[in-house]
file input.csv (CSV, C-alpha atoms and all ligand atoms)
chain,number,residue,atom,x,y,z
A,17,MET,CA,-5.9,-1.1,20.8
A,18,GLU,CA,-7.9,-2.4,17.9
A,19,PRO,CA,-8.4,0.3,15.2
A,20,LEU,CA,-11.9,1.5,14.8
A,21,LEU,CA,-11.7,2.0,11.1
A,22,ARG,CA,-9.0,0.4,8.9
A,23,ILE,CA,-8.4,1.2,5.2
A,24,GLU,CA,-6.4,-1.5,3.5
A,25,ASP,CA,-4.9,-1.4,0.1
A,26,LEU,CA,-7.8,0.8,-1.2
A,27,GLN,CA,-7.9,1.3,-5.0
A,28,VAL,CA,-10.3,3.7,-6.6
A,29,ASN,CA,-10.4,4.3,-10.4
A,30,PHE,CA,-12.1,6.9,-12.4
A,31,HIS,CA,-13.3,5.6,-15.8
A,32,THR,CA,-13.2,8.6,-18.1
A,33,THR,CA,-13.3,9.1,-21.9
A,34,GLN,CA,-9.5,9.7,-21.8
A,35,GLY,CA,-8.8,6.4,-20.0
A,36,VAL,CA,-8.8,4.9,-16.5
A,37,ALA,CA,-7.3,7.2,-13.8
A,38,GLN,CA,-6.1,5.9,-10.5
A,39,ALA,CA,-7.5,8.4,-8.0
A,40,VAL,CA,-6.6,6.2,-5.0
A,41,CYS,CA,-3.8,3.7,-5.3
A,42,GLY,CA,-3.1,1.2,-2.5
A,43,VAL,CA,-4.0,3.4,0.4
A,44,ASN,CA,-3.5,2.1,3.9
A,45,TYR,CA,-4.3,3.9,7.2
A,46,HIS,CA,-6.4,3.5,10.3
A,47,ILE,CA,-8.1,5.6,12.9
A,48,ASP,CA,-8.3,4.5,16.6
A,49,PRO,CA,-11.3,5.0,18.8
A,50,GLY,CA,-11.6,8.6,20.0
A,51,GLU,CA,-8.5,9.9,18.2
A,52,VAL,CA,-8.2,12.9,15.8
A,53,LEU,CA,-6.3,11.9,12.7
A,54,GLY,CA,-5.2,14.6,10.2
A,55,VAL,CA,-5.3,13.6,6.5
A,56,VAL,CA,-3.3,16.2,4.5
A,57,GLY,CA,-2.6,16.8,0.8
A,58,GLU,CA,-3.3,19.2,-2.1
A,59,SER,CA,-6.4,19.0,-4.2
A,60,GLY,CA,-6.3,15.8,-6.3
A,61,SER,CA,-4.3,13.8,-3.7
A,62,GLY,CA,-7.1,11.4,-3.2
A,63,LYS,CA,-7.9,12.3,0.5
A,64,SER,CA,-11.5,13.2,-0.1
A,65,VAL,CA,-12.2,10.3,-2.5
A,66,THR,CA,-10.8,7.9,0.2
A,67,ALA,CA,-13.3,9.4,2.8
A,68,LEU,CA,-16.2,9.1,0.3
A,69,ALA,CA,-15.2,5.4,-0.3
A,70,VAL,CA,-15.6,4.8,3.4
A,71,LEU,CA,-19.3,5.8,3.1
A,72,GLY,CA,-19.8,4.1,-0.3
A,73,LEU,CA,-20.3,7.5,-1.9
A,74,VAL,CA,-17.5,7.6,-4.6
A,75,PRO,CA,-19.0,9.8,-7.3
A,76,HIS,CA,-19.5,8.7,-10.9
A,77,PRO,CA,-17.4,7.8,-12.9
A,78,GLY,CA,-15.3,6.5,-10.0
A,79,ARG,CA,-15.3,2.8,-8.9
A,80,ILE,CA,-13.7,1.0,-6.0
A,81,ALA,CA,-11.4,-1.4,-7.8
A,82,GLY,CA,-9.9,-3.2,-4.7
A,83,GLY,CA,-9.0,-3.2,-1.1
A,84,ARG,CA,-11.0,-3.4,2.2
A,85,ILE,CA,-12.5,-0.9,4.6
A,86,ARG,CA,-12.9,-2.5,7.9
A,87,TYR,CA,-15.2,-1.0,10.6
A,88,ARG,CA,-15.5,-3.0,13.7
A,89,GLU,CA,-14.5,-6.2,11.9
A,90,ARG,CA,-17.0,-5.6,9.1
A,91,ASP,CA,-15.8,-4.9,5.6
A,92,LEU,CA,-17.9,-1.9,4.5
A,93,LEU,CA,-17.1,-2.7,0.8
A,94,ASN,CA,-19.0,-5.9,1.1
A,95,LEU,CA,-22.0,-4.8,3.2
A,96,PRO,CA,-25.4,-4.9,1.6
A,97,ALA,CA,-26.7,-1.4,0.7
A,98,LYS,CA,-29.3,-1.5,3.5
A,99,GLU,CA,-26.6,-2.3,6.2
A,100,LEU,CA,-24.2,0.4,4.8
A,101,ARG,CA,-27.0,3.0,5.0
A,102,LYS,CA,-27.4,2.1,8.7
A,103,VAL,CA,-23.7,2.7,9.3
A,104,ARG,CA,-23.6,5.9,7.2
A,105,GLY,CA,-25.0,8.8,9.1
A,106,ASP,CA,-25.5,6.8,12.3
A,107,ARG,CA,-22.1,5.2,13.2
A,108,ILE,CA,-19.9,7.1,10.7
A,109,SER,CA,-20.9,10.6,9.6
A,110,MET,CA,-19.4,13.3,7.3
A,111,ILE,CA,-19.3,17.0,7.1
A,112,PHE,CA,-18.2,19.0,4.1
A,113,GLN,CA,-16.5,22.3,3.3
A,114,GLU,CA,-19.7,23.9,2.2
A,115,PRO,CA,-22.6,23.5,4.7
A,116,MET,CA,-25.3,24.2,2.0
A,117,ILE,CA,-24.4,20.7,0.5
A,118,SER,CA,-25.8,19.1,3.6
A,119,LEU,CA,-28.4,21.7,4.8
A,120,ASN,CA,-31.6,21.9,2.7
A,121,PRO,CA,-32.4,25.7,2.2
A,122,ALA,CA,-36.2,24.9,2.0
A,123,PHE,CA,-36.4,23.5,5.6
A,124,THR,CA,-35.8,24.9,9.0
A,125,ILE,CA,-32.9,23.7,11.1
A,126,GLU,CA,-35.5,22.0,13.4
A,127,ASN,CA,-37.0,20.0,10.5
A,128,GLN,CA,-33.6,18.8,9.3
A,129,LEU,CA,-32.2,17.8,12.7
A,130,THR,CA,-35.3,16.1,14.0
A,131,GLU,CA,-35.8,14.2,10.7
A,132,ALA,CA,-32.3,12.9,10.8
A,133,LEU,CA,-32.9,11.7,14.4
A,134,ARG,CA,-36.2,10.1,13.8
A,135,THR,CA,-35.0,8.3,10.7
A,136,HIS,CA,-32.5,6.4,12.8
A,137,ARG,CA,-34.1,6.3,16.3
A,138,SER,CA,-37.6,5.5,17.4
A,139,ILE,CA,-38.3,8.7,19.5
A,140,SER,CA,-41.1,11.2,19.7
A,141,LYS,CA,-41.1,14.6,17.9
A,142,GLN,CA,-40.6,16.3,21.3
A,143,GLU,CA,-37.7,14.1,22.3
A,144,ALA,CA,-36.1,14.7,18.9
A,145,ARG,CA,-36.5,18.5,19.3
A,146,ASN,CA,-35.0,18.4,22.8
A,147,ARG,CA,-32.0,16.5,21.6
A,148,ALA,CA,-31.6,18.9,18.6
A,149,VAL,CA,-31.7,21.9,20.9
A,150,GLU,CA,-29.2,20.3,23.2
A,151,MET,CA,-26.8,19.6,20.3
A,152,LEU,CA,-27.1,23.2,19.0
A,153,ALA,CA,-26.2,24.4,22.5
A,154,MET,CA,-23.2,22.0,22.5
A,155,VAL,CA,-21.9,23.6,19.3
A,156,ASP,CA,-22.3,27.1,20.8
A,157,ILE,CA,-25.3,28.3,18.8
A,158,PRO,CA,-26.7,31.1,21.0
A,159,ASP,CA,-30.3,30.9,22.0
A,160,PRO,CA,-30.7,27.4,20.4
A,161,ALA,CA,-34.4,27.0,21.3
A,162,LYS,CA,-35.1,30.1,19.1
A,163,ARG,CA,-32.5,29.6,16.4
A,164,ILE,CA,-33.7,26.1,15.7
A,165,ARG,CA,-36.7,27.7,13.9
A,166,ASP,CA,-34.4,29.5,11.5
A,167,TYR,CA,-33.8,28.5,7.9
A,168,PRO,CA,-30.1,28.0,6.9
A,169,HIS,CA,-29.9,31.3,5.0
A,170,HIS,CA,-30.7,33.1,8.3
A,171,LEU,CA,-27.4,32.0,9.7
A,172,SER,CA,-23.8,33.1,9.1
A,173,GLY,CA,-21.3,30.8,7.4
A,174,GLY,CA,-19.7,29.9,10.8
A,175,MET,CA,-23.1,29.2,12.4
A,176,ARG,CA,-24.1,27.0,9.4
A,177,GLN,CA,-20.9,25.0,9.8
A,178,ARG,CA,-21.7,24.6,13.5
A,179,VAL,CA,-25.3,23.4,12.7
A,180,MET,CA,-23.7,20.9,10.2
A,181,ILE,CA,-21.4,19.6,13.0
A,182,ALA,CA,-24.4,19.3,15.3
A,183,GLU,CA,-26.3,17.3,12.7
A,184,ALA,CA,-23.3,15.0,12.1
A,185,LEU,CA,-23.0,14.3,15.8
A,186,LEU,CA,-26.7,14.0,16.7
A,187,LEU,CA,-26.5,10.2,16.7
A,188,ASP,CA,-23.2,10.0,18.7
A,189,PRO,CA,-21.3,8.4,15.8
A,190,ASP,CA,-18.0,6.6,16.3
A,191,VAL,CA,-16.3,8.4,13.5
A,192,LEU,CA,-16.7,11.9,12.0
A,193,LEU,CA,-15.1,12.4,8.6
A,194,ALA,CA,-14.6,16.2,8.3
A,195,ASP,CA,-13.6,17.2,4.8
A,196,GLU,CA,-12.1,20.7,4.7
A,197,PRO,CA,-14.6,21.8,7.4
A,198,THR,CA,-13.0,25.3,7.8
A,199,THR,CA,-11.7,26.1,4.4
A,200,ALA,CA,-14.7,28.2,3.4
A,201,LEU,CA,-14.7,30.2,6.6
A,202,ASP,CA,-12.9,33.5,7.7
A,203,VAL,CA,-9.7,32.9,9.6
A,204,THR,CA,-11.1,33.9,13.0
A,205,VAL,CA,-14.2,31.7,12.5
A,206,GLN,CA,-11.9,28.8,11.3
A,207,ALA,CA,-10.1,28.8,14.7
A,208,SER,CA,-13.3,28.7,16.7
A,209,VAL,CA,-14.7,25.9,14.6
A,210,LEU,CA,-11.5,23.9,15.0
A,211,ASP,CA,-11.5,24.6,18.7
A,212,LEU,CA,-15.1,23.4,18.9
A,213,MET,CA,-14.3,20.1,17.1
A,214,ARG,CA,-11.4,19.5,19.6
A,215,ARG,CA,-13.7,20.1,22.5
A,216,LEU,CA,-16.4,17.8,21.1
A,217,ASN,CA,-13.8,15.1,20.5
A,218,GLU,CA,-12.7,15.3,24.1
A,219,ARG,CA,-16.3,15.5,25.5
A,220,ILE,CA,-18.1,12.9,23.5
A,221,GLY,CA,-15.2,10.8,22.3
A,222,THR,CA,-16.1,10.7,18.6
A,223,ALA,CA,-13.0,9.9,16.5
A,224,ILE,CA,-12.4,12.7,13.9
A,225,MET,CA,-10.7,12.3,10.6
A,226,LEU,CA,-9.7,15.9,9.8
A,227,ILE,CA,-9.1,16.1,6.0
A,228,THR,CA,-7.4,19.3,4.9
A,229,HIS,CA,-4.9,20.8,2.5
A,230,ASN,CA,-3.3,22.7,5.3
A,231,LEU,CA,-0.8,21.0,7.6
A,232,GLY,CA,-1.1,24.0,10.0
A,233,VAL,CA,-4.7,23.1,10.6
A,234,VAL,CA,-3.8,19.7,12.0
A,235,ALA,CA,-0.9,20.9,14.1
A,236,GLU,CA,-2.9,21.5,17.2
A,237,SER,CA,-5.8,19.2,16.6
A,238,ALA,CA,-4.5,15.8,15.5
A,239,LYS,CA,-2.6,13.0,17.2
A,240,ARG,CA,-1.3,11.4,14.0
A,241,VAL,CA,-1.0,12.7,10.4
A,242,VAL,CA,-1.4,10.9,7.1
A,243,VAL,CA,0.1,12.8,4.1
A,244,MET,CA,-1.2,12.0,0.7
A,245,TYR,CA,0.0,12.8,-2.8
A,246,CYS,CA,-1.4,11.6,-6.2
A,247,GLY,CA,-3.6,9.0,-4.6
A,248,ARG,CA,-0.9,7.5,-2.4
A,249,VAL,CA,0.0,7.8,1.3
A,250,VAL,CA,3.6,9.2,1.1
A,251,GLU,CA,4.2,9.6,4.9
A,252,GLN,CA,2.4,8.9,8.1
A,253,GLY,CA,3.3,9.3,11.8
A,254,ALA,CA,2.7,11.0,15.1
A,255,VAL,CA,2.2,14.8,14.9
A,256,GLY,CA,5.5,15.3,16.8
A,257,GLU,CA,7.4,13.1,14.3
A,258,ILE,CA,5.9,14.8,11.3
A,259,PHE,CA,6.4,18.3,12.5
A,260,GLY,CA,9.8,17.7,14.1
A,261,ASN,CA,11.3,15.1,11.8
A,262,ALA,CA,9.4,15.1,8.5
A,263,ALA,CA,11.0,12.6,6.1
A,264,HIS,CA,9.3,12.9,2.8
A,265,PRO,CA,10.4,15.9,0.6
A,266,TYR,CA,6.7,16.6,-0.1
A,267,THR,CA,5.8,16.8,3.6
A,268,ARG,CA,8.9,19.0,4.1
A,269,GLY,CA,7.6,21.3,1.3
A,270,LEU,CA,4.2,21.5,2.9
A,271,LEU,CA,5.7,22.4,6.3
A,272,LYS,CA,7.9,25.1,4.8
A,273,SER,CA,4.7,26.6,3.1
A,274,ILE,CA,3.0,27.2,6.5
A,275,PRO,CA,3.0,30.9,7.3
A,276,ARG,CA,4.6,31.7,10.6
A,277,PRO,CA,4.4,35.0,12.5
A,278,GLY,CA,7.6,37.0,11.8
A,279,GLY,CA,8.8,34.1,9.7
A,280,SER,CA,10.9,34.4,6.5
A,281,GLU,CA,9.5,34.5,3.0
A,282,LEU,CA,7.0,31.7,2.3
A,283,TYR,CA,8.4,28.7,0.5
A,284,GLU,CA,6.7,27.8,-2.8
A,285,MET,CA,6.8,24.2,-3.9
A,286,LYS,CA,7.7,24.1,-7.6
A,287,GLY,CA,5.3,22.7,-10.1
A,288,ILE,CA,1.8,21.5,-9.7
A,289,VAL,CA,0.1,18.2,-8.8
A,290,PRO,CA,0.0,16.1,-12.1
A,291,SER,CA,-3.3,15.0,-13.6
A,292,ILE,CA,-4.1,11.5,-12.4
A,293,LEU,CA,-4.5,10.6,-16.1
A,294,GLU,CA,-0.9,11.4,-16.7
A,295,LEU,CA,1.0,10.3,-13.6
A,296,PRO,CA,4.8,10.3,-14.1
A,297,GLN,CA,6.6,7.0,-14.0
A,298,GLY,CA,8.5,6.1,-10.9
A,299,CYS,CA,7.9,8.3,-7.9
A,300,PRO,CA,4.9,10.6,-8.8
A,301,PHE,CA,6.6,13.4,-6.9
A,302,HIS,CA,9.9,13.3,-8.8
A,303,PRO,CA,9.2,16.3,-11.2
A,304,ARG,CA,8.7,18.5,-8.1
A,305,CYS,CA,11.2,16.9,-5.8
A,306,PRO,CA,14.4,18.9,-4.9
A,307,GLN,CA,16.1,15.6,-3.9
A,308,ALA,CA,15.1,13.4,-6.9
A,309,MET,CA,17.6,10.8,-8.0
A,310,PRO,CA,17.8,8.9,-11.4
A,311,ARG,CA,16.2,5.9,-9.7
A,312,CYS,CA,13.2,8.0,-8.6
A,313,VAL,CA,12.3,8.6,-12.3
A,314,ARG,CA,12.3,4.9,-13.1
A,315,GLU,CA,11.1,3.0,-10.1
A,316,GLN,CA,8.2,3.4,-7.6
A,317,PRO,CA,9.7,4.0,-4.1
A,318,PRO,CA,9.3,1.5,-1.3
A,319,TRP,CA,7.3,2.1,1.9
A,320,ARG,CA,9.9,2.4,4.7
A,321,GLU,CA,9.6,2.3,8.5
A,322,LEU,CA,11.7,5.2,10.0
A,323,ALA,CA,10.6,5.0,13.6
A,324,ALA,CA,7.8,3.5,15.6
A,325,GLU,CA,4.6,4.2,13.5
A,326,HIS,CA,6.6,6.7,11.3
A,327,HIS,CA,6.7,5.6,7.7
A,328,ALA,CA,7.6,7.2,4.3
A,329,LEU,CA,7.3,6.3,0.7
A,330,CYS,CA,10.7,7.4,-0.6
A,331,TRP,CA,14.0,6.1,-2.1
A,332,LEU,CA,16.0,8.4,0.3
A,333,TYR,CA,15.6,5.7,3.1
A,334,GLU,CA,16.5,2.7,1.1
A,401,LIG,FE1,12.0,12.6,-4.1
A,401,LIG,FE2,12.9,10.3,-5.0
A,401,LIG,FE3,11.8,10.4,-2.5
A,401,LIG,FE4,10.3,10.7,-4.7
A,401,LIG,S1,11.5,8.9,-4.1
A,401,LIG,S2,10.2,11.9,-2.9
A,401,LIG,S3,11.6,11.8,-6.1
A,401,LIG,S4,13.7,11.5,-3.3
call {"tool": "encode", "arguments": {"input": "input.csv", "output": "structure tokens"}}
result
Amino acid sequence: MEPLLRIEDLQVNFHTTQGVAQAVCGVNYHIDPGEVLGVVGESGSGKSVTALAVLGLVPHPGRIAGGRIRYRERDLLNLPAKELRKVRGDRISMIFQEPMISLNPAFTIENQLTEALRTHRSISKQEARNRAVEMLAMVDIPDPAKRIRDYPHHLSGGMRQRVMIAEALLLDPDVLLADEPTTALDVTVQASVLDLMRRLNERIGTAIMLITHNLGVVAESAKRVVVMYCGRVVEQGAVGEIFGNAAHPYTRGLLKSIPRPGGSELYEMKGIVPSILELPQGCPFHPRCPQAMPRCVREQPPWRELAAEHHALCWLYE
């Protein structure tokens, strides 16, 4: 199967007064049509910047310094701005951790959903309203024909997140980039929003890139997992491989940090993610790695294939 979206050797730099920081450094991964891909890593790992690069939305002072982002054989990095705008929101859409970033508090849900539809499709106001009500029903908003007249502040956090998912899926996009979509929600609401995304993926076939700092979140949702650290992909593979046979010490640390019912004391990975302005030489994980060797301090590790579609960036597999 041809990948729907392929990120190749992506480099994103941030030009700051203290120097140039490599926020994303040679990232490669892809997403297949209709799949759910988990992209995992702590804050500062480059997972969100990579997603923003897909949409041409890298914030100032970031700049894409190299690589390709192929969507259906078109390189998004070379598309004229007008063409990219057509892809963004229509074929590839994004939802964020905080719904109020996307929802305008000054307009009703109806205004916002119908405007998004009418910007991209030539349909009447009534058709747009019908479609918006249908989408609100699909994301389990009770009494959607009535709630569509609400303003965002009338809704709970979980309901706002559902409205944002409805808005992102209004145009039947091929890919939904979901950046920490449940982090700001209560645990019980998190589970229902994740369940909703899974059901929508099965029902309408939109591929979902689920970006999260929590490996537990992707356990039941994703087919494959990409693990990022300091702007690099350090491991990727099928969910079963990553959860049953994690190879990279960072992935193992993340797995040990997942709380389990009746489990032993939680593992705490030592140290913190270094600033991208002061990345250590060699393997950027070496100051925190329980298996670091002298070579790890001097040389960047190679990308190694461990099994079919299971790769890790680590000297342990040389
Ligand atoms: Fe640890 Fe070395 Fe592997 Fe880096 S390359 S993760 S420091 S063992």
call {"tool": "residues_around", "arguments": {"input": "input.csv", "residues": "Ile220 in chain A", "least_positions_apart": "4", "cutoff": "12 Å", "atoms": "only C-alpha atoms", "output": "PyMOL selection string"}}
result
chain A and resi 49-51+151+154+185-192+212-216+224
call {"tool": "closest_residue", "arguments": {"input": "input.csv", "among": "A:Glu321, A:Asp156, A:Glu251, A:Asp211", "to": "ligand LIG 401 (chain A)", "atoms": "all atoms listed in the file"}}
result
A:Glu251
call {"tool": "closest_residue", "arguments": {"input": "input.csv", "among": "A:Gln297, A:Ser291, A:Thr135, A:Gln177", "to": "ligand LIG 401 (chain A)", "atoms": "all atoms listed in the file"}}
result
A:Gln297
call {"tool": "closest_residue", "arguments": {"input": "input.csv", "among": "A:Val149, A:Ala97, A:Ile227, A:Val55", "to": "Thr267 in chain A", "atoms": "all atoms listed in the file"}}
result
A:Val55
call {"tool": "residues_around", "arguments": {"input": "input.csv", "residues": "range 120-123 of chain A", "least_positions_apart": "3", "cutoff": "10 Å", "atoms": "all atoms listed in the file", "output": "list in words"}}
result
Pro115, Met116, Ile117, Glu126, Asn127, Gln128, Arg165, Asp166, Tyr167, Pro168, His169 and His170 of chain A
call {"tool": "residues_near_point", "arguments": {"input": "input.csv", "point": "(-10.0, -7.4, 0.7)", "cutoff": "10 Å", "atoms": "all atoms listed in the file", "output": "NGL selection string"}}
result
:A and (23-26 or 82-86 or 91 or 93-94)
call {"tool": "write_last_selection", "arguments": {"input": "input.csv", "atoms": "C-alpha atoms", "output": "PDB file, keeping the file's coordinate frame"}}
result
ATOM      1  CA  ILE A  23      -8.400   1.200   5.200  1.00  0.00           C
ATOM      2  CA  GLU A  24      -6.400  -1.500   3.500  1.00  0.00           C
ATOM      3  CA  ASP A  25      -4.900  -1.400   0.100  1.00  0.00           C
ATOM      4  CA  LEU A  26      -7.800   0.800  -1.200  1.00  0.00           C
ATOM      5  CA  GLY A  82      -9.900  -3.200  -4.700  1.00  0.00           C
ATOM      6  CA  GLY A  83      -9.000  -3.200  -1.100  1.00  0.00           C
ATOM      7  CA  ARG A  84     -11.000  -3.400   2.200  1.00  0.00           C
ATOM      8  CA  ILE A  85     -12.500  -0.900   4.600  1.00  0.00           C
ATOM      9  CA  ARG A  86     -12.900  -2.500   7.900  1.00  0.00           C
ATOM     10  CA  ASP A  91     -15.800  -4.900   5.600  1.00  0.00           C
ATOM     11  CA  LEU A  93     -17.100  -2.700   0.800  1.00  0.00           C
ATOM     12  CA  ASN A  94     -19.000  -5.900   1.100  1.00  0.00           C
TER      13      ASN A  94
END
call {"tool": "residues_near_point", "arguments": {"input": "input.csv", "point": "(6.1, 15.2, -8.4)", "cutoff": "8 Å", "atoms": "only C-alpha atoms", "output": "number ranges by chain"}}
result
A: 287-290, 296, 299-305
call {"tool": "residues_near_ligand", "arguments": {"input": "input.csv", "ligand": "ligand LIG 401 (chain A)", "cutoff": "6 Å", "atoms": "all atoms listed in the file", "output": "ChimeraX atom specification"}}
result
/A:264-265,299,301-302,305,307-309,312,317,330-332
call {"tool": "atom_distance", "arguments": {"input": "input.csv", "atom1": "CA of Val179 in chain A", "atom2": "CA of Arg104 in chain A"}}
result
18.4 Å
call {"tool": "atom_distance", "arguments": {"input": "input.csv", "atom1": "CA of Ala69 in chain A", "atom2": "CA of Val233 in chain A"}}
result
23.3 Å
call {"tool": "closest_residue", "arguments": {"input": "input.csv", "among": "A:Arg147, A:Lys102, A:Arg90, A:His46", "to": "Glu325 in chain A", "atoms": "all atoms listed in the file"}}
result
A:His46
call {"tool": "closest_residue", "arguments": {"input": "input.csv", "among": "A:Val36, A:Leu270, A:Ala263, A:Ala235", "to": "Arg320 in chain A", "atoms": "all atoms listed in the file"}}
result
A:Ala263
call {"tool": "atom_distance", "arguments": {"input": "input.csv", "atom1": "CA of Val43 in chain A", "atom2": "CA of Gly62 in chain A"}}
result
9.3 Å
call {"tool": "closest_residue", "arguments": {"input": "input.csv", "among": "A:Val243, A:Leu92, A:Leu210, A:Val28", "to": "Pro75 in chain A", "atoms": "all atoms listed in the file"}}
result
A:Val28
